[in-house]
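Asks: This one is run_27.cif, mmCIF, C-alpha atoms.
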data_start
loop_
_atom_site.label_atom_id
_atom_site.label_comp_id
_atom_site.auth_asym_id
_atom_site.auth_seq_id
_atom_site.Cartn_x
_atom_site.Cartn_y
_atom_site.Cartn_z
CA ASP A 1 -83.24 111.06 -94.55
CA VAL A 2 -81.94 108.51 -92.07
CA LEU A 3 -82.54 104.75 -92.03
CA VAL A 4 -81.81 103.14 -88.66
CA LYS A 5 -81.69 99.45 -87.76
CA GLY A 6 -80.58 97.52 -84.69
CA GLY A 7 -76.92 96.66 -84.26
CA ASP A 8 -77.47 93.07 -85.31
CA TRP A 9 -77.85 94.35 -88.89
CA PRO A 10 -74.70 95.24 -90.83
CA VAL A 11 -75.34 98.32 -93.00
CA GLU A 12 -74.67 96.26 -96.15
CA ALA A 13 -77.57 93.91 -95.28
CA ILE A 14 -80.18 96.61 -94.57
CA VAL A 15 -82.88 96.53 -97.23
CA GLY A 16 -83.25 99.94 -98.84
CA ALA A 17 -79.85 101.19 -97.64
CA ASP A 18 -78.64 101.66 -101.20
CA GLN A 19 -81.72 103.74 -102.07
CA VAL A 20 -81.37 105.98 -99.01
CA GLN A 21 -77.66 106.50 -99.65
CA ALA A 22 -78.25 107.20 -103.37
CA ARG A 23 -80.49 110.11 -102.36
CA GLY A 24 -77.90 111.51 -99.98
CA GLY A 25 -79.36 109.95 -96.83
CA LYS A 26 -77.54 108.17 -94.05
CA VAL A 27 -77.86 104.52 -92.99
CA VAL A 28 -76.83 103.57 -89.46
CA SER A 29 -76.80 100.41 -87.39
CA ILE A 30 -77.07 101.24 -83.69
CA PRO A 31 -76.31 99.06 -80.65
CA ILE A 32 -79.25 97.18 -79.18
CA GLU A 33 -80.30 98.35 -75.70
CA VAL A 34 -81.00 95.11 -73.85
CA GLU A 35 -82.53 96.91 -70.86
CA SER A 36 -84.92 98.91 -73.06
CA SER A 37 -88.30 97.60 -74.22
CA THR A 38 -90.13 99.37 -77.04
CA THR A 39 -93.41 97.90 -75.81
CA ARG A 40 -92.89 99.36 -72.33
CA ILE A 41 -92.03 102.76 -73.81
CA VAL A 42 -95.24 102.73 -75.89
CA ASP A 43 -97.23 101.58 -72.83
CA ARG A 44 -95.93 104.55 -70.82
CA ILE A 45 -96.82 106.98 -73.61
CA LEU A 46 -100.34 105.55 -73.97
CA ALA A 47 -100.90 105.54 -70.20
CA ARG A 48 -99.78 109.15 -69.93
CA HIS A 49 -102.25 110.26 -72.61
CA ALA A 50 -105.16 107.92 -71.86
CA PRO A 51 -108.46 109.44 -70.75
CA PRO A 52 -108.93 109.38 -66.95
CA GLY A 53 -110.07 105.98 -65.71
CA GLU A 54 -109.12 104.28 -68.97
CA PRO A 55 -105.69 102.67 -68.71
CA ARG A 56 -104.30 101.76 -72.11
CA ARG A 57 -101.75 99.02 -72.58
CA LEU A 58 -100.31 97.21 -75.55
CA SER A 59 -98.42 94.54 -73.68
CA SER A 60 -99.96 91.74 -71.67
CA GLN A 61 -98.64 92.13 -68.14
#
Rewrite the structure from the file as C-alpha cells, please.
Replies:
Amino acid sequence: DVLVKGGDWPVEAIVGADQVQARGGKVVSIPIEVESSTTRIVDRILARHAPPGEPRRLSSQ
C-alpha cells in the first residue's frame, strides 16, 4: 500500500501514516505541481468518455 499527500504535508503529519507504515506500506509526500489542475484532468477524462452531444464538466468555466 502507498499513501500519498501533497508536498505541503510532512510525512510525520499525515494522518494514517503510522498505520500504513505498520503494515509495511510506504508514505510519501510529493511536490505540488502548480501548473496542474486535478479538476481540469477530471474534466478532460469526462469529456473524452461522455456520450456524443453531451459535454460533461465538473468545473465552472
Asks: Name the residues in contact with range 12-28 of chain A at a cut-off of 6 Å, using all atoms listed in the file, excluding same-chain residues fewer than 6 positions from it; report them as a short mmCIF file (atom, residue, chain, number, x, y, z; two decimals) with C-alpha atoms, in the frame of the given file.
Replies:
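Dumped everything to result09.cif:
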data_model
loop_
_atom_site.label_atom_id
_atom_site.label_comp_id
_atom_site.auth_asym_id
_atom_site.auth_seq_id
_atom_site.Cartn_x
_atom_site.Cartn_y
_atom_site.Cartn_z
CA ASP A 1 -83.24 111.06 -94.55
CA VAL A 2 -81.94 108.51 -92.07
CA LEU A 3 -82.54 104.75 -92.03
CA VAL A 4 -81.81 103.14 -88.66
#
Asks: Please, what distance in Å, to one decimal, runs between CA of Ala47 in chain A and CA of Pro31 in chain A?
Replies: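 Taking CA of Ala47 in chain A as the start and CA of Pro31 in chain A as the end point, the length is 27.5 Å.
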Asks: In Å to one decimal, how far is CA of Gly7 in chain A from CA of Ile32 in chain A?
Replies: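 Computing the Euclidean distance for CA of Ile32 in chain A and CA of Gly7 in chain A yields 5.6 Å.
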Asks: Distance CA of Glu33 in chain A-CA of Pro10 in chain A, one decimal place?
Replies: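 Straight-line distance from CA of Glu33 in chain A to CA of Pro10 in chain A works out to 16.4 Å.
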